[in-house]
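As stored in coords.csv (CSV, C-alpha atoms and all ligand atoms):
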chain,number,residue,atom,x,y,z
A,1,MET,CA,21.1,-16.6,11.9
A,2,GLN,CA,21.7,-19.9,10.3
A,3,GLU,CA,22.8,-20.1,6.7
A,4,MET,CA,19.8,-22.1,5.7
A,5,PHE,CA,17.6,-19.0,6.1
A,6,ALA,CA,19.7,-16.9,3.7
A,7,GLY,CA,17.4,-15.1,1.3
A,8,LYS,CA,14.3,-15.7,3.5
A,9,LYS,CA,12.5,-12.5,4.5
A,10,LYS,CA,9.2,-13.5,5.9
A,11,PHE,CA,8.9,-15.9,8.9
A,12,ILE,CA,5.5,-17.3,9.6
A,13,PHE,CA,5.0,-18.9,13.0
A,14,ASP,CA,2.2,-21.1,14.4
A,15,ILE,CA,1.4,-20.4,18.1
A,16,ASP,CA,0.1,-23.4,19.9
A,17,GLY,CA,2.8,-26.1,20.2
A,18,THR,CA,5.3,-24.0,18.2
A,19,ILE,CA,6.1,-20.8,20.1
A,20,ALA,CA,3.8,-21.5,23.2
A,21,LEU,CA,1.8,-23.9,25.1
A,22,GLY,CA,-1.1,-22.1,26.7
A,23,PRO,CA,0.3,-19.2,28.8
A,24,ASN,CA,3.9,-20.4,28.6
A,25,LEU,CA,6.3,-19.5,25.8
A,26,ILE,CA,8.4,-22.3,24.6
A,27,ASP,CA,12.1,-21.9,25.4
A,28,GLY,CA,14.0,-20.1,22.6
A,29,ALA,CA,11.0,-18.5,21.1
A,30,THR,CA,11.7,-15.0,22.3
A,31,GLU,CA,15.4,-15.1,21.4
A,32,PHE,CA,14.7,-16.5,17.9
A,33,ILE,CA,11.9,-14.0,17.1
A,34,GLU,CA,13.7,-11.0,18.5
A,35,GLY,CA,16.8,-12.0,16.5
A,36,LEU,CA,14.7,-12.1,13.3
A,37,LEU,CA,13.2,-8.7,14.0
A,38,ARG,CA,16.7,-7.2,14.8
A,39,GLY,CA,17.9,-8.7,11.5
A,40,GLY,CA,15.1,-6.8,9.6
A,41,ARG,CA,13.1,-9.9,8.9
A,42,GLU,CA,9.3,-9.8,8.8
A,43,VAL,CA,7.6,-11.9,11.5
A,44,TYR,CA,4.0,-13.1,11.2
A,45,ILE,CA,1.9,-15.2,13.5
A,46,LEU,CA,-0.4,-17.5,11.5
A,47,THR,CA,-2.9,-19.3,13.7
A,48,ASN,CA,-6.0,-21.2,12.8
A,49,ASN,CA,-7.4,-20.5,16.2
A,50,THR,CA,-10.6,-18.6,15.5
A,51,SER,CA,-11.6,-18.6,19.2
A,52,LYS,CA,-9.7,-15.2,19.2
A,53,THR,CA,-9.6,-12.1,17.1
A,54,PRO,CA,-6.3,-10.9,15.7
A,55,ASP,CA,-6.3,-8.2,18.4
A,56,MET,CA,-6.7,-10.9,21.1
A,57,CYS,CA,-3.8,-12.8,19.6
A,58,SER,CA,-1.7,-9.7,19.7
A,59,GLU,CA,-2.6,-9.3,23.3
A,60,GLN,CA,-1.5,-12.9,23.9
A,61,LEU,CA,1.9,-12.0,22.2
A,62,ARG,CA,2.3,-9.0,24.5
A,63,SER,CA,1.6,-11.3,27.6
A,64,TYR,CA,4.5,-13.4,26.4
A,65,GLY,CA,6.7,-10.3,26.4
A,66,LEU,CA,7.0,-10.3,22.6
A,67,ASP,CA,7.1,-7.1,20.6
A,68,ALA,CA,3.5,-7.4,19.4
A,69,GLU,CA,3.6,-4.1,17.5
A,70,ARG,CA,6.1,-5.5,15.0
A,71,ILE,CA,4.4,-8.9,14.6
A,72,ARG,CA,1.5,-9.2,12.3
A,73,VAL,CA,-1.2,-11.7,13.2
A,74,ILE,CA,-3.1,-13.6,10.6
A,75,THR,CA,-6.2,-15.8,11.3
A,76,PRO,CA,-8.6,-17.4,8.9
A,77,LEU,CA,-11.3,-14.7,9.7
A,78,ASP,CA,-10.0,-12.2,7.2
A,79,ALA,CA,-9.6,-14.8,4.4
A,80,CYS,CA,-13.1,-16.0,5.2
A,81,ALA,CA,-14.6,-12.5,4.9
A,82,ARG,CA,-12.7,-11.9,1.6
A,83,SER,CA,-14.1,-15.1,0.2
A,84,PHE,CA,-17.6,-14.4,1.4
A,85,LYS,CA,-17.5,-10.9,-0.2
A,86,SER,CA,-16.3,-12.4,-3.5
A,87,LEU,CA,-19.2,-14.9,-3.3
A,88,GLY,CA,-21.7,-12.1,-2.6
A,89,PHE,CA,-22.5,-13.3,0.9
A,90,GLU,CA,-23.3,-10.6,3.4
A,91,SER,CA,-25.8,-12.2,5.8
A,92,VAL,CA,-24.2,-15.1,7.7
A,93,TYR,CA,-25.2,-17.4,10.5
A,94,TRP,CA,-22.0,-17.9,12.5
A,95,ALA,CA,-21.1,-19.9,15.5
A,96,ALA,CA,-18.4,-17.8,17.1
A,97,ILE,CA,-17.6,-16.2,20.4
A,98,PRO,CA,-19.1,-12.6,20.7
A,99,GLU,CA,-15.7,-10.9,20.1
A,100,VAL,CA,-15.2,-12.8,16.9
A,101,GLY,CA,-18.8,-12.1,15.9
A,102,GLN,CA,-18.0,-8.3,16.4
A,103,TYR,CA,-14.8,-8.7,14.3
A,104,LEU,CA,-16.8,-10.4,11.4
A,105,THR,CA,-19.2,-7.5,11.6
A,106,ARG,CA,-16.3,-5.0,11.3
A,107,LEU,CA,-15.2,-6.9,8.2
A,108,GLY,CA,-18.6,-6.2,6.6
A,109,LEU,CA,-20.6,-9.4,7.4
A,110,ARG,CA,-24.0,-9.3,9.1
A,111,PHE,CA,-25.3,-11.9,11.6
A,112,GLU,CA,-28.6,-13.5,10.4
A,113,ASP,CA,-30.2,-16.5,12.0
A,114,LYS,CA,-33.4,-16.8,10.0
A,115,ARG,CA,-32.5,-16.7,6.3
A,116,PRO,CA,-28.7,-16.3,6.0
A,117,GLN,CA,-26.8,-16.7,2.8
A,118,ALA,CA,-24.2,-18.9,4.4
A,119,VAL,CA,-23.4,-20.7,7.6
A,120,LEU,CA,-19.9,-20.2,9.2
A,121,LEU,CA,-18.5,-22.5,11.9
A,122,ALA,CA,-15.7,-20.9,13.9
A,123,PHE,CA,-13.9,-22.2,17.0
A,124,ASP,CA,-16.8,-21.2,19.2
A,125,LYS,CA,-15.9,-21.8,22.8
A,126,THR,CA,-19.4,-20.7,23.7
A,127,ILE,CA,-21.1,-23.2,21.4
A,128,THR,CA,-24.4,-24.7,22.7
A,129,TYR,CA,-26.8,-27.4,21.7
A,130,GLU,CA,-29.1,-24.6,20.5
A,131,LYS,CA,-26.4,-23.4,18.0
A,132,PHE,CA,-25.9,-27.0,16.7
A,133,LEU,CA,-29.7,-27.1,16.3
A,134,ALA,CA,-29.7,-23.9,14.3
A,135,ILE,CA,-26.8,-25.1,12.1
A,136,THR,CA,-28.6,-28.5,11.5
A,137,ARG,CA,-31.8,-26.7,10.5
A,138,LEU,CA,-30.0,-24.3,8.1
A,139,LEU,CA,-28.0,-27.2,6.5
A,140,HIS,CA,-31.3,-29.1,5.9
A,141,GLU,CA,-32.6,-26.0,4.3
A,142,GLY,CA,-29.6,-26.1,1.9
A,143,VAL,CA,-27.8,-23.0,3.1
A,144,PRO,CA,-24.1,-23.2,2.0
A,145,TYR,CA,-21.9,-24.3,4.9
A,146,TYR,CA,-18.3,-23.2,5.6
A,147,ALA,CA,-15.9,-23.6,8.5
A,148,THR,CA,-12.9,-21.4,9.4
A,149,HIS,CA,-10.4,-24.2,9.6
A,150,ILE,CA,-10.0,-28.0,10.0
A,151,ASP,CA,-8.1,-28.5,13.2
A,152,ILE,CA,-9.6,-31.4,15.1
A,153,VAL,CA,-8.2,-30.5,18.5
A,154,CYS,CA,-6.4,-27.6,20.1
A,155,PRO,CA,-3.3,-28.4,22.3
A,156,THR,CA,-3.3,-26.9,25.8
A,157,GLN,CA,-0.8,-26.7,28.6
A,158,LEU,CA,-2.9,-29.2,30.5
A,159,GLY,CA,-1.2,-32.1,28.9
A,160,TYR,CA,-4.2,-33.0,26.7
A,161,SER,CA,-6.0,-31.4,23.8
A,162,ILE,CA,-9.5,-29.9,23.7
A,163,PRO,CA,-12.1,-30.1,20.9
A,164,ASP,CA,-11.6,-27.7,18.0
A,165,VAL,CA,-13.6,-27.0,14.8
A,166,GLY,CA,-12.8,-30.3,13.2
A,167,SER,CA,-14.5,-32.1,16.0
A,168,PHE,CA,-17.6,-29.8,15.7
A,169,MET,CA,-17.5,-30.5,11.9
A,170,GLU,CA,-17.6,-34.3,12.7
A,171,LEU,CA,-20.6,-33.9,14.9
A,172,ILE,CA,-22.4,-31.9,12.1
A,173,ARG,CA,-21.4,-34.5,9.5
A,174,LEU,CA,-22.7,-37.3,11.6
A,175,THR,CA,-26.0,-35.4,12.1
A,176,THR,CA,-26.5,-34.0,8.6
A,177,GLY,CA,-24.1,-35.8,6.2
A,178,LYS,CA,-22.6,-32.4,5.2
A,179,VAL,CA,-19.1,-31.2,5.3
A,180,PRO,CA,-18.0,-27.6,4.7
A,181,LEU,CA,-17.8,-26.4,1.1
A,182,ALA,CA,-14.5,-24.7,2.0
A,183,THR,CA,-12.3,-23.8,4.9
A,184,PHE,CA,-10.0,-20.8,5.1
A,185,GLY,CA,-7.2,-21.6,7.5
A,186,LYS,CA,-4.0,-23.5,7.1
A,187,PRO,CA,-3.4,-25.5,4.8
A,188,ASN,CA,-5.4,-23.4,2.3
A,189,PRO,CA,-2.9,-21.0,0.6
A,190,SER,CA,-5.6,-18.3,0.3
A,191,ILE,CA,-4.8,-17.4,3.9
A,192,LEU,CA,-1.4,-16.1,2.6
A,193,THR,CA,-2.2,-14.9,-0.9
A,194,GLY,CA,-4.4,-12.2,0.5
A,195,THR,CA,-1.8,-11.0,3.0
A,196,VAL,CA,1.9,-12.1,3.4
A,197,ALA,CA,2.2,-13.4,-0.2
A,198,ALA,CA,-0.1,-10.9,-1.9
A,199,ASP,CA,2.3,-11.1,-4.9
A,200,GLY,CA,1.9,-14.9,-5.1
A,201,ASN,CA,5.6,-15.4,-4.4
A,202,PHE,CA,6.5,-17.9,-1.7
A,203,ASP,CA,10.3,-18.1,-2.3
A,204,ASP,CA,11.2,-15.8,0.6
A,205,ILE,CA,8.8,-17.4,3.1
A,206,VAL,CA,9.5,-19.8,5.9
A,207,ILE,CA,6.6,-21.5,7.7
A,208,ILE,CA,7.3,-22.9,11.2
A,209,GLY,CA,4.8,-25.1,12.9
A,210,ASP,CA,4.1,-28.3,14.9
A,211,ARG,CA,1.3,-29.8,12.9
A,212,LEU,CA,1.6,-31.9,9.7
A,213,TYR,CA,-1.8,-31.6,8.2
A,214,THR,CA,-2.0,-27.8,8.6
A,215,ASP,CA,1.4,-26.1,9.0
A,216,ILE,CA,3.6,-28.4,6.9
A,217,GLN,CA,0.8,-29.1,4.4
A,218,LEU,CA,0.4,-25.4,3.9
A,219,ALA,CA,4.1,-25.0,3.1
A,220,ALA,CA,3.8,-28.0,0.7
A,221,ASN,CA,0.8,-26.5,-1.0
A,222,CYS,CA,2.6,-23.2,-1.5
A,223,GLY,CA,6.1,-24.6,-2.2
A,224,ALA,CA,7.5,-22.6,0.7
A,225,MET,CA,10.3,-23.6,3.1
A,226,SER,CA,9.0,-25.3,6.2
A,227,VAL,CA,10.3,-26.1,9.7
A,228,LEU,CA,8.5,-28.8,11.7
A,229,VAL,CA,9.0,-28.6,15.4
A,230,PHE,CA,8.4,-31.6,17.7
A,231,SER,CA,7.4,-29.4,20.7
A,232,GLY,CA,3.7,-29.8,20.0
A,233,GLU,CA,1.4,-32.3,18.4
A,234,THR,CA,3.8,-34.3,16.1
A,235,THR,CA,6.3,-36.9,17.3
A,236,ARG,CA,9.3,-38.0,15.2
A,237,GLU,CA,7.5,-41.3,14.7
A,238,MET,CA,4.3,-39.7,13.4
A,239,TYR,CA,6.5,-37.6,11.0
A,240,GLU,CA,8.4,-40.6,9.8
A,241,ASN,CA,5.2,-42.5,9.1
A,242,SER,CA,3.7,-39.5,7.2
A,243,GLY,CA,4.0,-38.9,3.5
A,244,LEU,CA,4.9,-35.2,4.2
A,245,ARG,CA,8.4,-33.8,4.3
A,246,ALA,CA,9.4,-30.5,5.9
A,247,THR,CA,12.5,-28.7,4.7
A,248,LEU,CA,13.8,-29.1,8.3
A,249,ALA,CA,12.6,-31.0,11.3
A,250,VAL,CA,13.9,-30.1,14.8
A,251,ASP,CA,13.0,-30.8,18.4
A,252,SER,CA,11.9,-27.2,19.1
A,253,ILE,CA,12.4,-23.6,18.1
A,254,ALA,CA,15.5,-23.5,20.4
A,255,ASN,CA,17.3,-25.6,17.9
A,256,LEU,CA,17.1,-22.8,15.4
A,257,LEU,CA,19.1,-20.4,17.5
B,301,MG,MG,0.2,-25.7,16.5
Step by step, read the file and then write its structure as C-alpha cells.
Ligand SMILES: [Mg+2]
Amino acid sequence: MQEMFAGKKKFIFDIDGTIALGPNLIDGATEFIEGLLRGGREVYILTNNTSKTPDMCSEQLRSYGLDAERIRVITPLDACARSFKSLGFESVYWAAIPEVGQYLTRLGLRFEDKRPQAVLLAFDKTITYEKFLAITRLLHEGVPYYATHIDIVCPTQLGYSIPDVGSFMELIRLTTGKVPLATFGKPNPSILTGTVAADGNFDDIVIIGDRLYTDIQLAANCGAMSVLVFSGETTREMYENSGLRATLAVDSIANLL
C-alpha cells in the first residue's frame, strides 16, 4: 500500500471505466481491491448506474471474481428512497426496469401512474415512448420531478457510450421545459452521508473514479481524497482543461499497486 493512503480506511470505487468496462475487469483492479481487503480496509462500490439493483451489482462483482460478500454496493436508489420518505412521498411514478421497481417497492415506495406524489426517472433500459408520454403528462400536471442521477452517457466495452439518464432528462427538458428538482447519485454527497459517511466525516475516505463531473466532483463536494483514472471517460487533456483537481491522477488502477 502506498504511503499516500496512510490513515485512509474507506475506499469507494466507481465501476464503469474505473474497475471494469462491460464484462471485463480493468487490469490491476483485482489485485488492488484484494490488497485493500487483506489490509483491513473497507471497500465500497459506488455506482450511479440505476439500471441495476445493488444485488445485481454484487452479482456483477462476483462475475469478475471479486469477493462480493466483503464489498458493499451503493447506488442512488437508497438515497432516493430516504429523501422521498423525508419529503412524505410514498406513491411514485417511476421509469425503471422491473427489478429496480421491485427494489423501490421493498424500500417502501409504491408505484402509481394516475396521481403520484412524485415522478422518478431511473436508468430505465426498458423505457418506451409511452413512459415518456406518462412523464410528460405528469410534469404538465405539476407533479414534482426527480431523477436518480445526472450521467449523460454510460461507457461500454463496445468502444462507444450509450444513452443514460442525463440524455433522457434532456429529452424531457426539451419537451416540457422541466429539469429534476434533485438527483441522488454522485456528485450529491447525500449518497454517502446516509451510508459510508453516516458520521459526516470524509477524512478517512478515498474516492476513485474516471468521471470528472460525478466522481471527482463528489470528492470535491465532500472534501474527500480523490483518485482520477484515465481508463474510462476522461482524457488527460479533458482533465487539464477542467477546473477540477483530483488529489491524484493516474492512467489506471494498476498504477496504484
Ligand atoms: Mg465511471
Inset, instruction - Would you mind listing the residues within 8 Å of ligand MG 301 (chain B), counting all atoms listed in the file, as a PyMOL selection string? - result: chain A and resi 14-18+47+154-155+209-211+215+232-233
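Residue neighbourhood of stretch 227-229 of chain A, excluding near-sequence residues (fewer than 2 positions): Ile208, Gly209, Asp210, Ser231, Ala246, Leu248, Ala249, Val250, Asp251 and Ser252 of chain A, at 6 Å, using all atoms listed in the file.
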Legend entry - atom CA of A:Asn24 to atom CA of A:Ile74, straight-line distance in Å: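 Rounded to one decimal, the two atoms are 20.5 Å apart.
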Inset, instruction - Extract, using all atoms listed in the file, all DNA, RNA and protein residues at most 9 Å from A:Ala29, discarding same-chain residues fewer than 2 positions from it, and format them as a PyMOL selection string. - result: chain A and resi 18-20+25-27+31-34+252-254
Inset, instruction - For A:Ile150, list every protein, DNA or RNA residue within 10 Å, evaluated using all atoms listed in the file, and leave out those in the same chain fewer than 6 positions away; present the list as a PyMOL selection string. - result: chain A and resi 48+122-123+164-169+180+182-187+213-214
Keeping only C-alpha atoms, take the residues you just selected and write them out as a PDB file, in the coordinates of the input.
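Written file, out30.pdb:
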ATOM      1  CA  ASN A  48      -6.000 -21.200  12.800  1.00  0.00           C
ATOM      2  CA  ALA A 122     -15.700 -20.900  13.900  1.00  0.00           C
ATOM      3  CA  PHE A 123     -13.900 -22.200  17.000  1.00  0.00           C
ATOM      4  CA  ASP A 164     -11.600 -27.700  18.000  1.00  0.00           C
ATOM      5  CA  VAL A 165     -13.600 -27.000  14.800  1.00  0.00           C
ATOM      6  CA  GLY A 166     -12.800 -30.300  13.200  1.00  0.00           C
ATOM      7  CA  SER A 167     -14.500 -32.100  16.000  1.00  0.00           C
ATOM      8  CA  PHE A 168     -17.600 -29.800  15.700  1.00  0.00           C
ATOM      9  CA  MET A 169     -17.500 -30.500  11.900  1.00  0.00           C
ATOM     10  CA  PRO A 180     -18.000 -27.600   4.700  1.00  0.00           C
ATOM     11  CA  ALA A 182     -14.500 -24.700   2.000  1.00  0.00           C
ATOM     12  CA  THR A 183     -12.300 -23.800   4.900  1.00  0.00           C
ATOM     13  CA  PHE A 184     -10.000 -20.800   5.100  1.00  0.00           C
ATOM     14  CA  GLY A 185      -7.200 -21.600   7.500  1.00  0.00           C
ATOM     15  CA  LYS A 186      -4.000 -23.500   7.100  1.00  0.00           C
ATOM     16  CA  PRO A 187      -3.400 -25.500   4.800  1.00  0.00           C
ATOM     17  CA  TYR A 213      -1.800 -31.600   8.200  1.00  0.00           C
ATOM     18  CA  THR A 214      -2.000 -27.800   8.600  1.00  0.00           C
TER      19      THR A 214
END
Where atoms are lacking, stretch 45-56 of chain A completed to all heavy atoms, as a JSON list (two decimals), in the frame of the given file:
[["chain", "number", "residue", "atom", "x", "y", "z"],
["A", 45, "ILE", "N", 2.50, -14.13, 12.74],
["A", 45, "ILE", "CA", 1.90, -15.20, 13.50],
["A", 45, "ILE", "C", 0.69, -15.67, 12.67],
["A", 45, "ILE", "O", -0.18, -14.85, 12.35],
["A", 45, "ILE", "CB", 1.43, -14.75, 14.89],
["A", 45, "ILE", "CG1", 2.64, -14.46, 15.79],
["A", 45, "ILE", "CG2", 0.51, -15.78, 15.52],
["A", 45, "ILE", "CD1", 3.44, -15.66, 16.21],
["A", 46, "LEU", "N", 0.69, -16.93, 12.31],
["A", 46, "LEU", "CA", -0.40, -17.50, 11.50],
["A", 46, "LEU", "C", -1.06, -18.58, 12.33],
["A", 46, "LEU", "O", -0.49, -19.66, 12.49],
["A", 46, "LEU", "CB", 0.13, -18.02, 10.19],
["A", 46, "LEU", "CG", -0.88, -18.72, 9.28],
["A", 46, "LEU", "CD1", -2.02, -17.79, 8.91],
["A", 46, "LEU", "CD2", -0.18, -19.21, 8.02],
["A", 47, "THR", "N", -2.22, -18.27, 12.88],
["A", 47, "THR", "CA", -2.90, -19.30, 13.70],
["A", 47, "THR", "C", -4.26, -19.58, 13.13],
["A", 47, "THR", "O", -4.94, -18.69, 12.63],
["A", 47, "THR", "CB", -3.03, -18.78, 15.18],
["A", 47, "THR", "OG1", -3.80, -19.74, 15.92],
["A", 47, "THR", "CG2", -3.71, -17.42, 15.27],
["A", 48, "ASN", "N", -4.62, -20.83, 13.20],
["A", 48, "ASN", "CA", -6.00, -21.20, 12.80],
["A", 48, "ASN", "C", -6.98, -20.98, 13.89],
["A", 48, "ASN", "O", -8.17, -21.20, 13.70],
["A", 48, "ASN", "CB", -5.99, -22.73, 12.43],
["A", 48, "ASN", "CG", -5.63, -22.97, 10.97],
["A", 48, "ASN", "OD1", -5.37, -22.04, 10.22],
["A", 48, "ASN", "ND2", -5.62, -24.23, 10.57],
["A", 49, "ASN", "N", -6.51, -20.56, 15.05],
["A", 49, "ASN", "CA", -7.40, -20.50, 16.20],
["A", 49, "ASN", "C", -8.37, -19.31, 16.10],
["A", 49, "ASN", "O", -8.04, -18.15, 16.36],
["A", 49, "ASN", "CB", -6.51, -20.28, 17.47],
["A", 49, "ASN", "CG", -7.32, -20.41, 18.74],
["A", 49, "ASN", "OD1", -8.54, -20.25, 18.73],
["A", 49, "ASN", "ND2", -6.65, -20.70, 19.84],
["A", 50, "THR", "N", -9.60, -19.64, 15.70],
["A", 50, "THR", "CA", -10.60, -18.60, 15.50],
["A", 50, "THR", "C", -11.49, -18.47, 16.79],
["A", 50, "THR", "O", -12.62, -17.98, 16.73],
["A", 50, "THR", "CB", -11.51, -18.86, 14.31],
["A", 50, "THR", "OG1", -12.06, -20.19, 14.41],
["A", 50, "THR", "CG2", -10.73, -18.72, 13.03],
["A", 51, "SER", "N", -10.94, -18.89, 17.94],
["A", 51, "SER", "CA", -11.60, -18.60, 19.20],
["A", 51, "SER", "C", -11.10, -17.21, 19.69],
["A", 51, "SER", "O", -11.42, -16.77, 20.80],
["A", 51, "SER", "CB", -11.39, -19.63, 20.26],
["A", 51, "SER", "OG", -10.06, -19.58, 20.75],
["A", 52, "LYS", "N", -10.29, -16.55, 18.85],
["A", 52, "LYS", "CA", -9.70, -15.20, 19.20],
["A", 52, "LYS", "C", -9.76, -14.35, 17.95],
["A", 52, "LYS", "O", -9.63, -14.85, 16.83],
["A", 52, "LYS", "CB", -8.28, -15.37, 19.62],
["A", 52, "LYS", "CG", -8.09, -16.13, 20.91],
["A", 52, "LYS", "CD", -6.63, -16.18, 21.27],
["A", 52, "LYS", "CE", -6.48, -16.84, 22.63],
["A", 52, "LYS", "NZ", -5.54, -17.93, 22.61],
["A", 53, "THR", "N", -9.84, -13.04, 18.16],
["A", 53, "THR", "CA", -9.60, -12.10, 17.10],
["A", 53, "THR", "C", -8.14, -11.86, 16.92],
["A", 53, "THR", "O", -7.38, -12.16, 17.85],
["A", 53, "THR", "CB", -10.32, -10.75, 17.37],
["A", 53, "THR", "OG1", -9.66, -10.18, 18.50],
["A", 53, "THR", "CG2", -11.80, -10.91, 17.67],
["A", 54, "PRO", "N", -7.70, -11.28, 15.79],
["A", 54, "PRO", "CA", -6.30, -10.90, 15.70],
["A", 54, "PRO", "C", -5.79, -10.05, 16.84],
["A", 54, "PRO", "O", -4.68, -10.22, 17.34],
["A", 54, "PRO", "CB", -6.19, -10.22, 14.33],
["A", 54, "PRO", "CG", -7.30, -10.84, 13.53],
["A", 54, "PRO", "CD", -8.42, -11.07, 14.51],
["A", 55, "ASP", "N", -6.65, -9.10, 17.27],
["A", 55, "ASP", "CA", -6.30, -8.20, 18.40],
["A", 55, "ASP", "C", -6.05, -9.03, 19.67],
["A", 55, "ASP", "O", -5.14, -8.75, 20.45],
["A", 55, "ASP", "CB", -7.36, -7.19, 18.67],
["A", 55, "ASP", "CG", -7.30, -6.06, 17.67],
["A", 55, "ASP", "OD1", -6.31, -5.99, 16.91],
["A", 55, "ASP", "OD2", -8.25, -5.25, 17.64],
["A", 56, "MET", "N", -6.90, -10.02, 19.91],
["A", 56, "MET", "CA", -6.70, -10.90, 21.10],
["A", 56, "MET", "C", -5.45, -11.68, 21.00],
["A", 56, "MET", "O", -4.77, -11.90, 22.01],
["A", 56, "MET", "CB", -7.96, -11.79, 21.27],
["A", 56, "MET", "CG", -9.24, -11.03, 21.66],
["A", 56, "MET", "SD", -10.75, -12.00, 21.35],
["A", 56, "MET", "CE", -10.72, -13.13, 22.75]]
